[in-house]
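Data block for protein_33.pdb (PDB, C-alpha atoms):
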ATOM      1  CA  MET A  25      15.174  49.444  30.385
ATOM      2  CA  ASP A  26      18.878  49.680  29.523
ATOM      3  CA  SER A  27      20.932  46.600  28.690
ATOM      4  CA  GLU A  28      22.647  46.487  32.099
ATOM      5  CA  LEU A  29      19.333  46.394  33.919
ATOM      6  CA  GLU A  30      18.057  43.835  31.440
ATOM      7  CA  LYS A  31      21.065  41.593  32.155
ATOM      8  CA  GLN A  32      20.433  41.935  35.874
ATOM      9  CA  LEU A  33      16.775  41.102  35.382
ATOM     10  CA  THR A  34      17.662  38.016  33.340
ATOM     11  CA  ALA A  35      20.149  36.846  35.967
ATOM     12  CA  SER A  36      17.764  37.596  38.796
ATOM     13  CA  VAL A  37      14.894  35.637  37.197
ATOM     14  CA  GLN A  38      17.271  32.774  36.376
ATOM     15  CA  ARG A  39      18.384  32.671  40.032
ATOM     16  CA  GLU A  40      14.781  32.507  41.220
ATOM     17  CA  LEU A  41      13.825  29.796  38.720
ATOM     18  CA  ASN A  42      16.937  27.772  39.540
ATOM     19  CA  THR A  43      15.616  27.358  43.074
ATOM     20  CA  LEU A  44      12.579  25.495  41.762
ATOM     21  CA  GLY A  45      12.762  21.774  42.263
ATOM     22  CA  GLU A  46      10.633  19.129  40.609
ATOM     23  CA  LEU A  47       6.925  19.237  41.279
ATOM     24  CA  ALA A  48       5.525  16.089  42.849
ATOM     25  CA  ALA A  49       3.346  14.168  40.442
ATOM     26  CA  PRO A  50      -0.138  13.390  41.812
ATOM     27  CA  SER A  51      -0.116  10.207  43.878
ATOM     28  CA  GLY A  52      -2.532   8.285  41.654
ATOM     29  CA  LEU A  53      -0.847   9.151  38.368
ATOM     30  CA  ALA A  54       1.573   6.205  38.248
ATOM     31  CA  ALA A  55      -1.251   3.762  38.998
ATOM     32  CA  ARG A  56      -3.366   5.340  36.250
ATOM     33  CA  ILE A  57      -0.538   5.011  33.719
ATOM     34  CA  MET A  58       0.188   1.397  34.686
ATOM     35  CA  GLY A  59      -3.531   0.646  34.450
ATOM     36  CA  THR A  60      -3.694   2.045  30.912
ATOM     37  CA  ILE A  61      -0.610   0.049  29.924
ATOM     38  CA  GLN A  62      -2.104  -3.172  31.297
ATOM     39  CA  GLN A  63      -5.430  -2.443  29.598
ATOM     40  CA  ARG A  64      -3.631  -1.991  26.261
ATOM     41  CA  ALA A  65      -1.548  -5.101  26.803
ATOM     42  CA  ALA A  66      -4.702  -7.128  27.477
ATOM     43  CA  ALA A  67      -6.261  -6.067  24.154
ATOM     44  CA  PRO A  68      -6.141  -8.742  21.391
ATOM     45  CA  TRP A  69      -3.236  -8.443  18.967
ATOM     46  CA  TYR A  70      -5.373  -7.310  16.021
ATOM     47  CA  ARG A  71      -6.547  -4.256  17.995
ATOM     48  CA  ARG A  72      -3.015  -3.075  18.663
ATOM     49  CA  ALA A  73      -0.597  -1.201  16.374
ATOM     50  CA  TRP A  74       0.853  -3.365  13.560
ATOM     51  CA  GLN A  75       4.390  -2.985  14.937
ATOM     52  CA  THR A  76       3.322  -4.683  18.184
ATOM     53  CA  TRP A  77       1.677  -7.726  16.513
ATOM     54  CA  PRO A  78       3.327 -11.138  17.134
ATOM     55  CA  PHE A  79       5.894 -12.012  14.466
ATOM     56  CA  PRO A  80       3.859 -14.765  12.657
ATOM     57  CA  GLN A  81       0.846 -12.450  12.304
ATOM     58  CA  ARG A  82       3.040  -9.605  11.109
ATOM     59  CA  ALA A  83       4.717 -11.847   8.528
ATOM     60  CA  ALA A  84       1.344 -13.239   7.384
ATOM     61  CA  ALA A  85      -0.105  -9.729   7.041
ATOM     62  CA  LEU A  86       2.914  -8.687   4.994
ATOM     63  CA  VAL A  87       2.545 -11.701   2.668
ATOM     64  CA  VAL A  88      -1.198 -11.030   2.204
ATOM     65  CA  MET A  89      -0.528  -7.364   1.418
ATOM     66  CA  LEU A  90       2.195  -8.261  -1.101
ATOM     67  CA  ALA A  91      -0.125 -10.842  -2.735
ATOM     68  CA  LEU A  92      -2.906  -8.256  -2.983
ATOM     69  CA  PHE A  93      -0.532  -5.738  -4.530
ATOM     70  CA  ALA A  94       0.789  -8.287  -7.029
ATOM     71  CA  GLY A  95      -2.799  -9.306  -7.895
ATOM     72  CA  LEU A  96      -3.706  -5.674  -8.458
ATOM     73  CA  CYS A  97      -0.700  -5.167 -10.760
ATOM     74  CA  VAL A  98      -1.379  -8.346 -12.783
ATOM     75  CA  GLY A  99      -5.114  -7.559 -12.954
ATOM     76  CA  SER A 100      -4.440  -4.042 -14.235
ATOM     77  CA  TRP A 101      -2.046  -5.380 -16.873
ATOM     78  CA  GLN A 102      -4.527  -8.044 -18.022
ATOM     79  CA  PHE A 103      -7.316  -5.465 -18.145
ATOM     80  CA  GLY A 104      -5.181  -3.236 -20.397
ATOM     81  CA  GLN A 105      -4.552  -6.144 -22.807
ATOM     82  CA  SER A 106      -8.180  -7.249 -23.190
ATOM     83  CA  ASP A 107     -11.082  -5.769 -25.207
ATOM     84  CA  LEU A 108     -12.723  -4.846 -21.946
ATOM     85  CA  LEU A 109     -10.704  -1.611 -21.823
ATOM     86  CA  ALA A 110     -11.842  -0.494 -25.311
ATOM     87  CA  ASP A 111     -15.468  -1.294 -24.415
ATOM     88  CA  ALA A 112     -15.177   0.594 -21.162
ATOM     89  CA  LEU A 113     -13.615   3.645 -22.886
ATOM     90  CA  GLY A 114     -16.437   3.612 -25.486
ATOM     91  CA  SER A 115     -19.087   3.593 -22.794
ATOM     92  CA  ILE A 116     -17.302   6.411 -20.925
ATOM     93  CA  GLY A 117     -17.232   8.454 -24.182
ATOM     94  CA  GLU A 118     -21.001   8.111 -24.521
ATOM     95  CA  ARG A 119     -21.519   9.313 -20.986
ATOM     96  CA  LEU A 120     -19.111  12.195 -21.548
ATOM     97  CA  SER A 121     -21.355  13.598 -24.257
ATOM     98  CA  LEU A 122     -24.042  14.024 -21.595
ATOM     99  CA  VAL A 123     -21.445  15.714 -19.399
ATOM    100  CA  ASN A 124     -20.640  18.113 -22.276
ATOM    101  CA  VAL A 125     -24.289  19.164 -22.457
ATOM    102  CA  LEU A 126     -24.364  19.722 -18.701
ATOM    103  CA  TRP A 127     -21.086  21.662 -18.899
ATOM    104  CA  GLY A 128     -22.545  23.969 -21.555
ATOM    105  CA  ALA A 129     -25.593  24.651 -19.383
ATOM    106  CA  LEU A 130     -23.376  25.393 -16.384
ATOM    107  CA  GLY A 131     -21.272  27.767 -18.520
ATOM    108  CA  ALA A 132     -24.357  29.711 -19.548
ATOM    109  CA  LEU A 133     -25.468  29.903 -15.910
ATOM    110  CA  GLY A 134     -22.015  31.124 -14.912
ATOM    111  CA  ASN A 135     -22.082  33.867 -17.555
ATOM    112  CA  ALA A 136     -25.490  35.022 -16.328
ATOM    113  CA  ILE A 137     -24.222  35.164 -12.721
ATOM    114  CA  THR A 138     -21.096  37.107 -13.828
ATOM    115  CA  LEU A 139     -23.257  39.684 -15.612
ATOM    116  CA  ALA A 140     -25.484  40.023 -12.532
ATOM    117  CA  VAL A 141     -22.450  40.448 -10.276
ATOM    118  CA  GLN A 142     -20.945  43.133 -12.549
ATOM    119  CA  SER A 143     -24.124  45.159 -12.358
ATOM    120  CA  ILE A 144     -23.881  45.429  -8.515
ATOM    121  CA  HIS A 145     -22.176  48.572  -7.185
ATOM    122  CA  PRO A 146     -18.654  47.922  -5.661
ATOM    123  CA  LEU A 147     -19.689  49.677  -2.425
ATOM    124  CA  VAL A 148     -22.274  46.957  -1.859
ATOM    125  CA  TRP A 149     -19.515  44.330  -2.075
ATOM    126  CA  ILE A 150     -17.267  46.299   0.273
ATOM    127  CA  GLY A 151     -20.149  46.727   2.723
ATOM    128  CA  GLY A 152     -20.931  43.006   2.593
ATOM    129  CA  ALA A 153     -17.298  42.113   3.164
ATOM    130  CA  LEU A 154     -17.112  44.492   6.155
ATOM    131  CA  VAL A 155     -20.249  42.994   7.685
ATOM    132  CA  MET A 156     -18.824  39.484   7.313
ATOM    133  CA  LEU A 157     -15.503  40.595   8.794
ATOM    134  CA  GLY A 158     -17.344  42.210  11.716
ATOM    135  CA  CYS A 159     -19.338  39.021  12.337
ATOM    136  CA  TYR A 160     -16.143  36.957  12.286
ATOM    137  CA  ALA A 161     -14.372  39.310  14.727
ATOM    138  CA  ALA A 162     -17.415  39.264  17.023
ATOM    139  CA  CYS A 163     -17.428  35.435  17.010
ATOM    140  CA  VAL A 164     -13.709  35.257  17.829
ATOM    141  CA  GLY A 165     -14.080  37.930  20.522
ATOM    142  CA  LEU A 166     -17.057  36.233  22.162
ATOM    143  CA  GLY A 167     -15.257  32.886  22.049
ATOM    144  CA  THR A 168     -12.222  34.395  23.753
ATOM    145  CA  VAL A 169     -14.342  36.067  26.439
ATOM    146  CA  CYS A 170     -16.058  32.718  27.134
ATOM    147  CA  VAL A 171     -12.699  30.919  27.375
ATOM    148  CA  ARG A 172     -11.272  33.564  29.695
ATOM    149  CA  LEU A 173     -14.376  33.427  31.904
ATOM    150  CA  ALA A 174     -14.202  29.641  32.013
ATOM    151  CA  TRP A 175     -10.501  29.751  32.980
ATOM    152  CA  ALA A 176     -11.104  32.458  35.563
ATOM    153  CA  ARG A 177     -13.608  30.205  37.374
ATOM    154  CA  ARG A 178     -11.304  27.203  37.535
TER     155      ARG A 178
ATOM    156  CA  MET B  21      12.106  -8.433  38.153
ATOM    157  CA  THR B  22       9.616  -8.533  35.260
ATOM    158  CA  GLU B  23       9.585  -5.929  32.505
ATOM    159  CA  THR B  24       6.391  -4.424  33.937
ATOM    160  CA  GLN B  25       8.020  -4.051  37.346
ATOM    161  CA  GLN B  26      11.098  -2.495  35.742
ATOM    162  CA  PHE B  27       8.903  -0.030  33.899
ATOM    163  CA  GLU B  28       7.025   0.793  37.081
ATOM    164  CA  ALA B  29      10.323   1.603  38.808
ATOM    165  CA  PHE B  30      11.348   3.682  35.776
ATOM    166  CA  LEU B  31       8.003   5.504  35.934
ATOM    167  CA  HIS B  32       8.456   6.299  39.623
ATOM    168  CA  ASN B  33      11.978   7.604  38.943
ATOM    169  CA  TYR B  34      10.995  10.006  36.184
ATOM    170  CA  GLN B  35       7.338  10.897  36.747
ATOM    171  CA  ASN B  36       8.086  14.056  38.759
ATOM    172  CA  MET B  37      10.455  15.380  36.100
ATOM    173  CA  VAL B  38       7.984  14.771  33.262
ATOM    174  CA  PHE B  39       5.047  16.114  35.253
ATOM    175  CA  SER B  40       7.013  19.264  36.233
ATOM    176  CA  THR B  41       7.916  19.960  32.603
ATOM    177  CA  ALA B  42       4.324  19.600  31.463
ATOM    178  CA  MET B  43       2.874  21.467  34.429
ATOM    179  CA  ARG B  44       5.156  24.487  34.008
ATOM    180  CA  LEU B  45       4.318  24.765  30.320
ATOM    181  CA  LEU B  46       0.588  24.100  30.610
ATOM    182  CA  ALA B  47      -0.164  25.503  34.094
ATOM    183  CA  ASN B  48      -3.059  23.076  34.317
ATOM    184  CA  GLN B  49      -2.873  19.922  36.423
ATOM    185  CA  SER B  50      -5.292  17.683  34.523
ATOM    186  CA  GLU B  51      -3.717  18.574  31.169
ATOM    187  CA  ALA B  52      -0.241  18.022  32.613
ATOM    188  CA  GLU B  53      -1.355  14.595  33.876
ATOM    189  CA  ASP B  54      -2.667  13.691  30.417
ATOM    190  CA  VAL B  55       0.614  14.746  28.803
ATOM    191  CA  THR B  56       2.618  12.813  31.411
ATOM    192  CA  GLN B  57       0.546   9.704  30.715
ATOM    193  CA  GLU B  58       1.081  10.047  26.962
ATOM    194  CA  VAL B  59       4.847  10.486  27.456
ATOM    195  CA  PHE B  60       5.083   7.270  29.493
ATOM    196  CA  LEU B  61       2.865   5.316  27.091
ATOM    197  CA  ARG B  62       5.314   6.243  24.328
ATOM    198  CA  ALA B  63       8.228   5.386  26.589
ATOM    199  CA  TYR B  64       6.691   1.963  27.267
ATOM    200  CA  GLU B  65       6.606   1.195  23.532
ATOM    201  CA  ARG B  66      10.350   1.952  23.345
ATOM    202  CA  PHE B  67      11.283   0.688  26.776
ATOM    203  CA  ALA B  68      13.627  -1.968  25.423
ATOM    204  CA  THR B  69      15.900   0.722  23.957
ATOM    205  CA  LEU B  70      15.221   3.477  26.507
ATOM    206  CA  ARG B  71      15.889   1.329  29.558
ATOM    207  CA  ASP B  72      19.660   1.397  29.214
ATOM    208  CA  SER B  73      19.984   4.683  27.356
ATOM    209  CA  PRO B  74      22.042   7.354  29.133
ATOM    210  CA  THR B  75      19.950  10.070  27.443
ATOM    211  CA  VAL B  76      16.589   8.786  28.631
ATOM    212  CA  GLY B  77      16.015  11.893  30.789
ATOM    213  CA  GLY B  78      16.558  14.170  27.817
ATOM    214  CA  TRP B  79      14.292  12.027  25.646
ATOM    215  CA  LEU B  80      11.484  12.186  28.207
ATOM    216  CA  LYS B  81      11.885  15.956  28.625
ATOM    217  CA  THR B  82      11.865  16.547  24.869
ATOM    218  CA  VAL B  83       8.749  14.428  24.355
ATOM    219  CA  ALA B  84       7.006  16.112  27.302
ATOM    220  CA  THR B  85       7.914  19.561  25.947
ATOM    221  CA  ASN B  86       6.767  18.728  22.414
ATOM    222  CA  LEU B  87       3.486  17.172  23.546
ATOM    223  CA  SER B  88       2.782  20.159  25.805
ATOM    224  CA  LEU B  89       3.505  22.577  22.970
ATOM    225  CA  ASN B  90       1.284  20.543  20.627
ATOM    226  CA  HIS B  91      -1.461  20.823  23.200
ATOM    227  CA  LEU B  92      -0.964  24.562  23.511
ATOM    228  CA  ALA B  93      -0.835  24.979  19.726
ATOM    229  CA  ARG B  94      -4.585  24.397  19.602
ATOM    230  CA  TYR B  95      -5.041  27.630  21.522
ATOM    231  CA  ARG B  96      -2.079  29.524  20.086
ATOM    232  CA  ALA B  97      -4.046  31.497  17.492
ATOM    233  CA  ARG B  98      -6.256  32.758  20.270
ATOM    234  CA  TRP B  99      -3.466  33.840  22.598
ATOM    235  CA  SER B 100      -1.372  35.393  19.841
ATOM    236  CA  PHE B 101      -4.319  37.398  18.592
ATOM    237  CA  PHE B 102      -5.331  38.569  22.027
ATOM    238  CA  SER B 103      -1.897  38.740  23.661
ATOM    239  CA  GLU B 104      -2.006  42.532  23.584
ATOM    240  CA  LEU B 105      -5.666  42.784  24.607
ATOM    241  CA  SER B 106      -5.239  40.370  27.478
ATOM    242  CA  ARG B 107      -2.433  42.404  29.050
ATOM    243  CA  SER B 108      -4.828  44.743  30.830
ATOM    244  CA  SER B 109      -6.925  41.858  32.110
ATOM    245  CA  ASP B 110      -3.806  39.998  33.229
ATOM    246  CA  GLU B 111      -3.405  42.681  35.863
ATOM    247  CA  GLY B 112      -6.792  41.608  37.112
ATOM    248  CA  ASP B 113      -5.569  38.009  37.262
ATOM    249  CA  GLU B 114      -2.894  39.105  39.720
ATOM    250  CA  LEU B 115      -5.635  40.045  42.134
ATOM    251  CA  VAL B 116      -7.168  36.582  41.828
ATOM    252  CA  VAL B 117      -3.840  34.938  42.656
ATOM    253  CA  ASP B 118      -3.499  35.485  46.351
ATOM    254  CA  PHE B 119      -0.220  37.388  46.554
ATOM    255  CA  PRO B 120       0.556  39.437  49.606
ATOM    256  CA  ALA B 121       0.203  43.208  49.459
ATOM    257  CA  PRO B 122       3.451  45.165  48.830
ATOM    258  CA  GLU B 123       3.609  46.552  52.407
ATOM    259  CA  ASP B 124       3.940  43.165  54.050
ATOM    260  CA  THR B 125       5.617  41.374  51.148
ATOM    261  CA  HIS B 126       8.942  41.066  52.899
ATOM    262  CA  ALA B 127       7.487  39.465  56.004
ATOM    263  CA  ALA B 128       5.196  37.240  54.004
ATOM    264  CA  ILE B 129       8.022  36.027  51.787
ATOM    265  CA  GLU B 130      10.091  35.216  54.845
ATOM    266  CA  ALA B 131       7.241  33.246  56.286
ATOM    267  CA  ALA B 132       6.052  31.547  53.111
ATOM    268  CA  ASP B 133       7.820  28.968  51.083
ATOM    269  CA  ARG B 134       9.733  30.993  48.529
ATOM    270  CA  ARG B 135       9.656  28.271  45.922
ATOM    271  CA  GLU B 136       5.916  27.936  46.219
ATOM    272  CA  LEU B 137       5.617  31.662  45.631
ATOM    273  CA  VAL B 138       7.866  31.533  42.555
ATOM    274  CA  GLU B 139       5.955  28.531  41.230
ATOM    275  CA  ARG B 140       2.625  30.271  41.656
ATOM    276  CA  ALA B 141       3.932  33.498  40.128
ATOM    277  CA  LEU B 142       5.223  31.544  37.137
ATOM    278  CA  GLN B 143       1.941  29.729  36.657
ATOM    279  CA  SER B 144      -0.052  32.935  36.897
ATOM    280  CA  LEU B 145       1.716  34.385  33.842
ATOM    281  CA  PRO B 146      -0.293  34.346  30.600
ATOM    282  CA  PRO B 147       0.729  31.456  28.293
ATOM    283  CA  ALA B 148       2.246  33.825  25.720
ATOM    284  CA  GLN B 149       4.829  34.884  28.340
ATOM    285  CA  ARG B 150       5.100  31.742  30.474
ATOM    286  CA  VAL B 151       5.817  29.263  27.672
ATOM    287  CA  PRO B 152       8.846  31.021  26.108
ATOM    288  CA  LEU B 153      10.101  31.991  29.585
ATOM    289  CA  VAL B 154      10.005  28.362  30.767
ATOM    290  CA  LEU B 155      11.640  27.148  27.553
ATOM    291  CA  PHE B 156      14.446  29.710  27.968
ATOM    292  CA  HIS B 157      15.134  29.561  31.703
ATOM    293  CA  LEU B 158      14.136  25.996  32.625
ATOM    294  CA  GLU B 159      14.592  24.035  29.415
ATOM    295  CA  SER B 160      17.730  26.008  28.388
ATOM    296  CA  LEU B 161      16.574  26.618  24.825
ATOM    297  CA  GLN B 162      18.006  29.543  22.821
ATOM    298  CA  TYR B 163      15.794  32.350  21.505
ATOM    299  CA  ASP B 164      15.914  31.063  17.917
ATOM    300  CA  GLU B 165      15.088  27.511  18.999
ATOM    301  CA  ILE B 166      12.081  28.804  20.932
ATOM    302  CA  ALA B 167      10.936  30.858  17.940
ATOM    303  CA  GLU B 168      11.190  27.764  15.752
ATOM    304  CA  LYS B 169       9.352  25.543  18.215
ATOM    305  CA  LEU B 170       6.542  28.047  18.727
ATOM    306  CA  GLY B 171       6.388  29.104  15.074
ATOM    307  CA  VAL B 172       6.660  32.811  15.920
ATOM    308  CA  SER B 173       9.215  35.506  15.109
ATOM    309  CA  LEU B 174      12.449  35.944  17.057
ATOM    310  CA  GLY B 175      11.349  39.465  18.000
ATOM    311  CA  LYS B 176       8.106  38.215  19.516
ATOM    312  CA  VAL B 177       9.956  35.593  21.552
ATOM    313  CA  LYS B 178      12.354  38.213  22.951
ATOM    314  CA  THR B 179       9.517  40.620  23.724
ATOM    315  CA  ASP B 180       7.366  37.964  25.403
ATOM    316  CA  ILE B 181      10.276  36.678  27.499
ATOM    317  CA  PHE B 182      11.181  40.221  28.532
ATOM    318  CA  ARG B 183       7.569  40.920  29.531
ATOM    319  CA  GLY B 184       7.428  37.624  31.393
ATOM    320  CA  ARG B 185      10.581  38.481  33.357
ATOM    321  CA  GLU B 186       9.255  41.932  34.102
ATOM    322  CA  ALA B 187       5.947  40.478  35.311
ATOM    323  CA  LEU B 188       7.820  38.000  37.535
ATOM    324  CA  ARG B 189       9.989  40.794  38.901
ATOM    325  CA  GLN B 190       6.886  42.721  39.908
ATOM    326  CA  LYS B 191       5.104  39.699  41.344
ATOM    327  CA  LEU B 192       8.153  38.611  43.343
ATOM    328  CA  GLN B 193       9.261  42.151  44.211
ATOM    329  CA  LEU B 194      12.763  41.468  42.868
ATOM    330  CA  LYS B 195      15.198  44.308  43.365
ATOM    331  CA  LEU B 196      17.814  45.069  40.733
ATOM    332  CA  GLU B 197      21.116  46.626  41.817
ATOM    333  CA  ALA B 198      20.802  49.761  39.685
ATOM    334  CA  GLU B 199      17.327  50.395  41.080
ATOM    335  CA  SER B 200      18.386  50.072  44.657
ATOM    336  CA  LEU B 201      21.125  52.684  44.284
TER     337      LEU B 201
END

In structure tokens, what does this structure look like?
Amino acid sequence: MDSELEKQLTASVQRELNTLGELAAPSGLAARIMGTIQQRAAAPWYRRAWQTWPFPQRAAALVVMLALFAGLCVGSWQFGQSDLLADALGSIGERLSLVNVLWGALGALGNAITLAVQSIHPLVWIGGALVMLGCYAACVGLGTVCVRLAWARR
Amino acid sequence: MTETQQFEAFLHNYQNMVFSTAMRLLANQSEAEDVTQEVFLRAYERFATLRDSPTVGGWLKTVATNLSLNHLARYRARWSFFSELSRSSDEGDELVVDFPAPEDTHAAIEAADRRELVERALQSLPPAQRVPLVLFHLESLQYDEIAEKLGVSLGKVKTDIFRGREALRQKLQLKLEAESL
């Protein structure tokens, strides 16, 4: 289609769409919305969003949160100053030695798997990948067909 | 007048506009109702500032558009992937939508409500064409804004809008001047 025809098409479609007025909302929709609003308003303050809490509760919650944060900061600082930290680090070091043993075993297992993988022909990998890709495409395709069928029946 | 009564009046004033925006983007009544409800629940939270705002209509339209697009985004991967495949089956959809046969189109259009016909033709378009077309022609967004909102390329937006217009032209039997010569 040349640009002149395209301009005419654009203008023609715009003219048609400009004639459209507003669609009437279903008659029960306003009542449903007002009902939901009233239901939410009737809920106790602690079940609503923090911004909608009454001012005293909001202020109290803020103070509690600040106190908790300050306590956490002071506690962390005190913990760093005491011998508890050194004891805790020592005990972690002991446990890490066990982790080192486990890590070594996992490394050996990994090497064995790598060797096994290298011995498999590349075509087998490509074939496997193609089968998986095919399965994925089939799943997506079937899903789309189901959705289209469901929409067609509505 | 209590605040609840004021909001109810506000709701009655704007519900058709919000519902129309959602309905034209989603082409599904129950989903459009859900989006409309969500828009007004958000409006209620900000009613103190929205009540006297001169741009309240624009705010409601923008929220309705964004919520509708968010809803559609869940299915976007599917309709982008199959937008080409679905074209042949879309022709089948035209048969499901009860449009008059070409021979008696003129008489039928004269008899039927033209707007109803346009509305139905618009809603029968596949989402990949309808959504950008509605954003361009009814929400007055530019091509690049539509591409940004939908997260697709500018070229795809232009192509989908062109195909949407072409499909509408066929459904509504629109005549272009150069064709009629």

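Note that atom CA of A:Met89 and atom CA of B:Ala68 are 28.4 Å apart.
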
### Message
Residues within 8 Å of B:Ala52, please, as an MDAnalysis selection string. Count only C-alpha atoms; anything in the same chain fewer than 3 positions from it doesn't count.
### Response
chainID B and resid 39 42:43 46:49 55:56 88

### Task
For B:Glu186, work out the shell of residues within 12 Å, counting only C-alpha atoms and skipping chain neighbours fewer than 2 positions away, then give it as a PyMOL selection string.
(chain A and resi 25+29-34+36-37) or (chain B and resi 141-142+145+149-150+153+179-184+188-196)

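As for atom CA of A:Leu96 and atom CA of A:Gln75, they are spaced 24.9 Å apart.
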
### Message
Once the PyMOL selection byres ((chain B and resi 168-174) around 12) has been evaluated on this model, what residues remain selected, and can you format them as an MDAnalysis selection string?
### Response
chainID B and resid 82 85:97 100 147:149 151:152 155:156 161:167 175:181

### Proximal residues of chain A relative to chain B (all atoms listed in the file; 6 Å) as a ChimeraX atom specification
/A:44,46-49,57

Put those residues in a file: C-alpha atoms, as a tab-separated table (two decimals), in the coordinates of the input.
chain	number	residue	atom	x	y	z
A	44	LEU	CA	12.58	25.50	41.76
A	46	GLU	CA	10.63	19.13	40.61
A	47	LEU	CA	6.92	19.24	41.28
A	48	ALA	CA	5.52	16.09	42.85
A	49	ALA	CA	3.35	14.17	40.44
A	57	ILE	CA	-0.54	5.01	33.72

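A straight line drawn from atom CA of A:Leu157 to atom CA of A:Trp175 is 27.0 Å long.
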
Please enclose the listed atoms of stretch 28-37 of chain B in an axis-aligned box, pad each side by 6 Å, and write out the centre and the three edge lengths in Å, rounded to one decimal, as AutoDock Vina command-line options.
--center_x 9.5 --center_y 8.1 --center_z 37.7 --size_x 17.0 --size_y 26.6 --size_z 15.8

### Task
Mind checking which residues fall within 12 Å of A:Trp77, counting only C-alpha atoms, ignoring those fewer than 6 positions away in the same chain, and posting them as a ChimeraX atom specification?
/A:65,67-71,83-86
